[in-house]
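**Student:** Dropping a structure here in structure tokens format, bear with me for questions.
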Amino acid sequence: MSTVHVFEHPLIQHKLSILRDKNTSVKEFRELISEISMLMCYEVTRDLPLEEVDVETPVATAHCKRLAGKKLAIVPILRAGLGMVDGMVAMIPSAKVGHIGLYRDPETLEPVKYYFKMPPDIDEREVIVVDPMLATGGSAVAAVNFLKEVGVKHIRIMDIIAAPEGIAAMQKAHPDVDIYVAALDDHLNDHGYIVPGLGDAGDRIFGTK
């Protein structure tokens, strides 16, 4: 079964409290999404493997460590996931970025892929799928399905807020994918919104509501 990591770092929790506030402006909301993503990225990458390297300083040889093993890719689920990319790329400038666009079929309610563009070597990369909200889990499950179909073997999911229903759906469909969140909220309401949540993340990032 996959592991759920809930980050309780004071800076993350402080920024999350402002992010939830209904009176937070679009500008500040967008900045907070990026800042929280940057802080979460620091935690999500904590167990990346390192290798020993020698570096010549102006004084002597230093025995240092650099990232080893698989390269990274950040894959936002459109459109709200886009708000998390800049903060993560600031932390990992060499990471490639893929994009997955999904919409929900109004009749079947199943996620439908309308856009899928990945780096050519995506199957060789450690992939972090990002989306501010893990609500029903439908989009996250579908995104991981599509990534596995093209050969990706190492996947993590990073969401700012999750509902228990979304966690359960992800763990059932993809028990090999660890989940990283800043908050695990109470439940979903009848409209599929996370409670207490923060409303529609996409609308609040892009000012469309």
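Here's how to read the names in the structure tokens: chain A, B, ... by the order shown, residue numbers from 1 in each chain, ligand numbers from 1 in the order shown.
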Considering only C-alpha atoms, return as a ChimeraX atom specification whatever protein or nucleic-acid residues lie within 8 Å of Ala182 of chain A, sequence-local ones (same chain, fewer than 2 positions apart) excluded.

**Tutor:** /A:6-8,12-13,16,40,159-161,180,184

**Student:** What are the closest atom pairs, with distances in Å to one decimal, for each residue of segment 75-164 of chain A lying within 7 Å of segment 191-205 of chain A, using only C-alpha atoms, rows by chain and rising residue number, as a Markdown table?

**Tutor:**
```
| residue | atom | partner | partner_atom | distance |
| --- | --- | --- | --- | --- |
| A:Arg79 | CA | A:Gly202 | CA | 6.4 |
| A:Ala80 | CA | A:Gly202 | CA | 4.4 |
| A:Gly83 | CA | A:Ile205 | CA | 6.8 |
| A:Pro132 | CA | A:Ala201 | CA | 6.7 |
| A:Ala135 | CA | A:Ile194 | CA | 6.0 |
| A:Thr136 | CA | A:Gly192 | CA | 6.9 |
| A:Ile161 | CA | A:Gly197 | CA | 6.9 |
| A:Ala163 | CA | A:Ile194 | CA | 6.0 |
```

**Student:** Identify, on the basis of only C-alpha atoms, every residue whose closest approach to segment 139-142 of chain A does not exceed 10 Å; exclude the query and any residue fewer than 2 positions from it along the same chain; express the result as a PyMOL selection string.

**Tutor:** chain A and resi 77-78+100-104+110-113+129-131+133-137+144-148+157-159+166-167+169-174

**Student:** Would you mind writing down, as a compact mmCIF listing (two decimals) with all heavy atoms, in the first residue's frame, each residue of segment 38-104 of chain A that DSSP on the backbone assigns to strand (DSSP E)?

**Tutor:**
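Once everything was written out, this is out22.txt:
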```txt
# COMPACT_ATOMS: atom_id res chain seq x y z
N LEU A 50 21.96 10.17 -3.73
CA LEU A 50 23.11 11.04 -3.98
C LEU A 50 24.32 10.21 -4.38
O LEU A 50 24.38 9.01 -4.07
CB LEU A 50 23.45 11.85 -2.72
CG LEU A 50 22.39 12.86 -2.24
CD1 LEU A 50 22.75 13.38 -0.85
CD2 LEU A 50 22.24 14.00 -3.22
N GLU A 51 25.27 10.86 -5.05
CA GLU A 51 26.54 10.20 -5.36
C GLU A 51 27.69 11.11 -4.94
O GLU A 51 27.55 12.34 -4.89
CB GLU A 51 26.63 9.89 -6.86
CG GLU A 51 26.58 11.12 -7.75
CD GLU A 51 26.58 10.75 -9.23
OE1 GLU A 51 26.57 9.54 -9.53
OE2 GLU A 51 26.58 11.67 -10.06
N GLU A 52 28.82 10.50 -4.62
CA GLU A 52 30.00 11.25 -4.19
C GLU A 52 30.70 11.89 -5.39
O GLU A 52 30.84 11.26 -6.44
CB GLU A 52 30.99 10.30 -3.48
CG GLU A 52 30.39 9.55 -2.29
CD GLU A 52 30.28 10.40 -1.05
OE1 GLU A 52 30.94 11.47 -1.01
OE2 GLU A 52 29.54 10.01 -0.12
N VAL A 53 31.08 13.17 -5.24
CA VAL A 53 31.86 13.85 -6.27
C VAL A 53 32.95 14.68 -5.60
O VAL A 53 32.79 15.13 -4.47
CB VAL A 53 30.99 14.77 -7.15
CG1 VAL A 53 30.00 13.99 -7.97
CG2 VAL A 53 30.28 15.83 -6.31
N ASP A 54 34.06 14.85 -6.30
CA ASP A 54 35.12 15.73 -5.82
C ASP A 54 35.04 17.06 -6.55
O ASP A 54 34.92 17.10 -7.79
CB ASP A 54 36.50 15.09 -6.06
CG ASP A 54 36.77 13.95 -5.10
OD1 ASP A 54 36.08 13.88 -4.05
OD2 ASP A 54 37.65 13.12 -5.38
N VAL A 55 35.09 18.14 -5.81
CA VAL A 55 34.99 19.48 -6.37
C VAL A 55 36.22 20.28 -5.95
O VAL A 55 36.58 20.28 -4.76
CB VAL A 55 33.70 20.19 -5.87
CG1 VAL A 55 33.66 21.63 -6.36
CG2 VAL A 55 32.47 19.44 -6.33
N GLU A 56 36.83 20.95 -6.92
CA GLU A 56 37.99 21.78 -6.60
C GLU A 56 37.53 23.18 -6.19
O GLU A 56 36.98 23.93 -6.99
CB GLU A 56 38.92 21.88 -7.82
CG GLU A 56 39.58 20.58 -8.22
CD GLU A 56 40.48 20.02 -7.13
OE1 GLU A 56 41.10 20.82 -6.38
OE2 GLU A 56 40.56 18.78 -7.01
N THR A 61 40.53 20.34 -2.52
CA THR A 61 39.51 19.43 -3.04
C THR A 61 38.47 19.16 -1.96
O THR A 61 38.82 18.81 -0.83
CB THR A 61 40.13 18.11 -3.49
OG1 THR A 61 41.09 18.36 -4.52
CG2 THR A 61 39.05 17.16 -4.03
N ALA A 62 37.19 19.35 -2.31
CA ALA A 62 36.10 19.06 -1.37
C ALA A 62 35.37 17.81 -1.81
O ALA A 62 35.09 17.63 -3.00
CB ALA A 62 35.12 20.23 -1.31
N HIS A 63 35.09 16.93 -0.87
CA HIS A 63 34.33 15.72 -1.14
C HIS A 63 32.85 16.07 -0.94
O HIS A 63 32.41 16.31 0.18
CB HIS A 63 34.78 14.60 -0.22
CG HIS A 63 36.25 14.30 -0.32
ND1 HIS A 63 36.84 13.84 -1.48
CD2 HIS A 63 37.26 14.44 0.58
CE1 HIS A 63 38.13 13.68 -1.30
NE2 HIS A 63 38.42 14.05 -0.06
N CYS A 64 32.10 16.11 -2.03
CA CYS A 64 30.71 16.60 -2.00
C CYS A 64 29.75 15.52 -2.49
O CYS A 64 30.15 14.42 -2.85
CB CYS A 64 30.59 17.84 -2.87
SG CYS A 64 31.71 19.17 -2.42
N LYS A 65 28.48 15.90 -2.52
CA LYS A 65 27.44 14.99 -3.01
C LYS A 65 26.55 15.72 -4.01
O LYS A 65 26.23 16.90 -3.83
CB LYS A 65 26.59 14.47 -1.84
CG LYS A 65 27.37 13.60 -0.87
CD LYS A 65 26.52 13.10 0.27
CE LYS A 65 27.33 12.22 1.21
NZ LYS A 65 26.54 11.72 2.36
N ARG A 66 26.15 14.98 -5.05
CA ARG A 66 25.21 15.50 -6.03
C ARG A 66 24.14 14.46 -6.29
O ARG A 66 24.33 13.28 -6.00
CB ARG A 66 25.93 15.84 -7.34
CG ARG A 66 26.79 17.08 -7.26
CD ARG A 66 27.47 17.39 -8.58
NE ARG A 66 28.29 18.60 -8.47
CZ ARG A 66 29.22 18.96 -9.34
NH1 ARG A 66 29.44 18.19 -10.41
NH2 ARG A 66 29.92 20.05 -9.18
N LEU A 67 23.04 14.93 -6.86
CA LEU A 67 21.95 14.01 -7.16
C LEU A 67 22.42 12.92 -8.13
O LEU A 67 23.11 13.19 -9.09
CB LEU A 67 20.76 14.75 -7.77
CG LEU A 67 19.96 15.66 -6.84
CD1 LEU A 67 18.89 16.41 -7.62
CD2 LEU A 67 19.32 14.86 -5.71
N LYS A 71 16.61 11.04 -13.55
CA LYS A 71 16.30 12.46 -13.65
C LYS A 71 14.82 12.66 -13.31
O LYS A 71 14.04 11.73 -13.30
CB LYS A 71 16.61 12.95 -15.06
CG LYS A 71 18.09 12.83 -15.42
CD LYS A 71 18.34 13.26 -16.85
CE LYS A 71 19.82 13.13 -17.20
NZ LYS A 71 20.09 13.52 -18.60
N LEU A 72 14.48 13.92 -13.06
CA LEU A 72 13.13 14.23 -12.60
C LEU A 72 12.28 14.86 -13.70
O LEU A 72 12.79 15.52 -14.61
CB LEU A 72 13.19 15.19 -11.42
CG LEU A 72 13.76 14.62 -10.12
CD1 LEU A 72 14.00 15.74 -9.12
CD2 LEU A 72 12.82 13.59 -9.53
N ALA A 73 10.97 14.65 -13.58
CA ALA A 73 10.00 15.36 -14.42
C ALA A 73 8.83 15.78 -13.54
O ALA A 73 8.43 15.05 -12.63
CB ALA A 73 9.50 14.48 -15.56
N ILE A 74 8.33 16.97 -13.80
CA ILE A 74 7.15 17.49 -13.09
C ILE A 74 6.00 17.47 -14.08
O ILE A 74 6.12 17.98 -15.20
CB ILE A 74 7.41 18.91 -12.58
CG1 ILE A 74 8.60 18.92 -11.62
CG2 ILE A 74 6.17 19.48 -11.90
CD1 ILE A 74 9.25 20.28 -11.46
N VAL A 75 4.89 16.87 -13.68
CA VAL A 75 3.75 16.74 -14.59
C VAL A 75 2.50 17.31 -13.93
O VAL A 75 1.88 16.67 -13.08
CB VAL A 75 3.51 15.27 -14.99
CG1 VAL A 75 2.26 15.16 -15.87
CG2 VAL A 75 4.72 14.70 -15.72
N PRO A 76 2.13 18.56 -14.27
CA PRO A 76 0.90 19.13 -13.74
C PRO A 76 -0.33 18.58 -14.46
O PRO A 76 -0.29 18.31 -15.66
CB PRO A 76 1.06 20.62 -14.02
CG PRO A 76 1.92 20.68 -15.23
CD PRO A 76 2.86 19.51 -15.13
N ILE A 77 -1.41 18.40 -13.69
CA ILE A 77 -2.71 18.09 -14.28
C ILE A 77 -3.39 19.43 -14.58
O ILE A 77 -3.59 20.25 -13.67
CB ILE A 77 -3.57 17.24 -13.33
CG1 ILE A 77 -2.88 15.89 -13.05
CG2 ILE A 77 -4.96 17.02 -13.92
CD1 ILE A 77 -3.61 15.02 -12.05
N LEU A 78 -3.69 19.68 -15.86
CA LEU A 78 -4.26 20.96 -16.26
C LEU A 78 -5.70 21.10 -15.75
O LEU A 78 -6.41 20.11 -15.63
CB LEU A 78 -4.26 21.08 -17.79
CG LEU A 78 -2.88 20.91 -18.47
CD1 LEU A 78 -3.03 21.03 -19.99
CD2 LEU A 78 -1.87 21.88 -17.94
N LYS A 96 12.43 18.36 -16.28
CA LYS A 96 11.59 18.55 -17.46
C LYS A 96 10.13 18.64 -17.00
O LYS A 96 9.78 18.17 -15.91
CB LYS A 96 11.76 17.38 -18.43
CG LYS A 96 13.17 17.23 -18.99
CD LYS A 96 13.49 18.32 -19.99
CE LYS A 96 14.89 18.16 -20.57
NZ LYS A 96 15.01 16.99 -21.45
N VAL A 97 9.29 19.22 -17.84
CA VAL A 97 7.87 19.40 -17.48
C VAL A 97 6.99 18.78 -18.56
O VAL A 97 7.13 19.12 -19.75
CB VAL A 97 7.51 20.89 -17.30
CG1 VAL A 97 6.04 21.04 -16.93
CG2 VAL A 97 8.40 21.53 -16.23
N HIS A 99 2.74 17.68 -19.49
CA HIS A 99 1.40 18.20 -19.20
C HIS A 99 0.33 17.16 -19.51
O HIS A 99 0.41 16.49 -20.54
CB HIS A 99 1.11 19.46 -20.02
CG HIS A 99 2.04 20.60 -19.73
ND1 HIS A 99 3.26 20.73 -20.36
CD2 HIS A 99 1.93 21.64 -18.87
CE1 HIS A 99 3.88 21.82 -19.89
NE2 HIS A 99 3.08 22.38 -19.00
N ILE A 100 -0.64 17.04 -18.60
CA ILE A 100 -1.79 16.17 -18.83
C ILE A 100 -3.06 17.00 -18.70
O ILE A 100 -3.29 17.63 -17.65
CB ILE A 100 -1.84 15.01 -17.82
CG1 ILE A 100 -0.61 14.10 -17.96
CG2 ILE A 100 -3.12 14.19 -18.01
CD1 ILE A 100 -0.59 12.95 -16.98
N GLY A 101 -3.87 17.02 -19.75
CA GLY A 101 -5.15 17.70 -19.71
C GLY A 101 -6.28 16.69 -19.65
O GLY A 101 -6.33 15.77 -20.46
N LEU A 102 -7.17 16.86 -18.68
CA LEU A 102 -8.29 15.94 -18.50
C LEU A 102 -9.59 16.73 -18.35
O LEU A 102 -9.59 17.84 -17.81
CB LEU A 102 -8.10 15.09 -17.23
CG LEU A 102 -6.83 14.23 -17.13
CD1 LEU A 102 -6.69 13.69 -15.71
CD2 LEU A 102 -6.90 13.09 -18.11
N TYR A 103 -10.69 16.15 -18.81
CA TYR A 103 -12.01 16.68 -18.47
C TYR A 103 -12.92 15.51 -18.14
O TYR A 103 -12.65 14.37 -18.52
CB TYR A 103 -12.59 17.53 -19.62
CG TYR A 103 -13.01 16.75 -20.84
CD1 TYR A 103 -14.31 16.23 -20.95
CD2 TYR A 103 -12.14 16.55 -21.90
CE1 TYR A 103 -14.70 15.51 -22.07
CE2 TYR A 103 -12.51 15.84 -23.02
CZ TYR A 103 -13.80 15.32 -23.10
OH TYR A 103 -14.18 14.61 -24.21
N ARG A 104 -13.97 15.81 -17.42
CA ARG A 104 -14.90 14.76 -17.00
C ARG A 104 -16.04 14.62 -17.99
O ARG A 104 -16.73 15.59 -18.29
CB ARG A 104 -15.44 15.05 -15.60
CG ARG A 104 -16.21 13.88 -14.97
CD ARG A 104 -16.69 14.24 -13.58
NE ARG A 104 -15.57 14.52 -12.71
CZ ARG A 104 -14.88 13.59 -12.05
NH1 ARG A 104 -15.20 12.32 -12.18
NH2 ARG A 104 -13.88 13.92 -11.26
```

**Student:** Output as a PyMOL selection string all residues of chain A that backbone DSSP marks as alpha helix (DSSP H).

**Tutor:** chain A and resi 10-20+26-44+85-91+138-149+164-173+201-206

**Student:** Please provide the set of residues having any atom within 10 Å of Glu43 of chain A, restricted to only C-alpha atoms, with same-chain residues fewer than 4 positions apart removed, written as a list in words.

**Tutor:**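 Residues near the query, excluding close chain neighbours: His5, Phe7, His9, Ser37, Met38, Leu39, Asp47 and Tyr180 of chain A.
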
**Student:** Based on the selection just made, write N, CA, C and O atoms of those residues as a PDB file, in the first residue's frame.

**Tutor:**
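Result written to selection_23.pdb:
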```
ATOM      1  N   HIS A   5       2.072  10.976   2.943  1.00  0.00           N
ATOM      2  CA  HIS A   5       2.905  11.877   3.728  1.00  0.00           C
ATOM      3  C   HIS A   5       2.159  13.205   3.887  1.00  0.00           C
ATOM      4  O   HIS A   5       1.832  13.854   2.890  1.00  0.00           O
ATOM      5  N   PHE A   7       2.527  16.925   5.348  1.00  0.00           N
ATOM      6  CA  PHE A   7       3.575  17.833   5.797  1.00  0.00           C
ATOM      7  C   PHE A   7       3.026  18.807   6.842  1.00  0.00           C
ATOM      8  O   PHE A   7       2.083  19.547   6.571  1.00  0.00           O
ATOM      9  N   HIS A   9       5.056  21.078   8.387  1.00  0.00           N
ATOM     10  CA  HIS A   9       6.043  22.133   8.572  1.00  0.00           C
ATOM     11  C   HIS A   9       5.336  23.466   8.851  1.00  0.00           C
ATOM     12  O   HIS A   9       4.362  23.818   8.177  1.00  0.00           O
ATOM     13  N   SER A  37       4.254  25.028  -2.993  1.00  0.00           N
ATOM     14  CA  SER A  37       4.793  23.977  -3.863  1.00  0.00           C
ATOM     15  C   SER A  37       6.304  23.868  -3.705  1.00  0.00           C
ATOM     16  O   SER A  37       6.871  22.775  -3.687  1.00  0.00           O
ATOM     17  N   MET A  38       6.967  25.031  -3.592  1.00  0.00           N
ATOM     18  CA  MET A  38       8.413  25.042  -3.427  1.00  0.00           C
ATOM     19  C   MET A  38       8.804  24.362  -2.110  1.00  0.00           C
ATOM     20  O   MET A  38       9.719  23.535  -2.065  1.00  0.00           O
ATOM     21  N   LEU A  39       8.087  24.685  -1.041  1.00  0.00           N
ATOM     22  CA  LEU A  39       8.377  24.082   0.264  1.00  0.00           C
ATOM     23  C   LEU A  39       8.068  22.584   0.270  1.00  0.00           C
ATOM     24  O   LEU A  39       8.820  21.789   0.833  1.00  0.00           O
ATOM     25  N   ASP A  47      14.291  11.954  -0.202  1.00  0.00           N
ATOM     26  CA  ASP A  47      14.950  10.643  -0.285  1.00  0.00           C
ATOM     27  C   ASP A  47      15.611  10.379  -1.644  1.00  0.00           C
ATOM     28  O   ASP A  47      15.948   9.240  -1.960  1.00  0.00           O
ATOM     29  N   TYR A 180       1.818  12.800  -1.400  1.00  0.00           N
ATOM     30  CA  TYR A 180       2.367  13.858  -0.548  1.00  0.00           C
ATOM     31  C   TYR A 180       1.374  15.014  -0.508  1.00  0.00           C
ATOM     32  O   TYR A 180       0.999  15.547  -1.556  1.00  0.00           O
TER      33      TYR A 180
END
```

**Student:** Ile92 of chain A: which residues within 9 Å, counting only C-alpha atoms, same-chain residues fewer than 3 positions away excluded, as a PyMOL selection string?

**Tutor:** chain A and resi 41+72+87-89+95

**Student:** To one decimal place in Å, what is the distance between atom CA of Lys22 of chain A and atom CA of Asp185 of chain A?

**Tutor:** 16.6 Å

**Student:** Grab the atom CA of Ala183 of chain A to atom CA of Pro10 of chain A distance for me, in Å with one decimal place.

**Tutor:**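 Interatomic distance, atom CA of Ala183 of chain A to atom CA of Pro10 of chain A: 12.2 Å.
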
**Student:** Could you check how far atom CA of Asp178 of chain A sits from atom CA of Met1 of chain A, in Å to one decimal?

**Tutor:**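 Between these atoms lies a distance of 8.6 Å.
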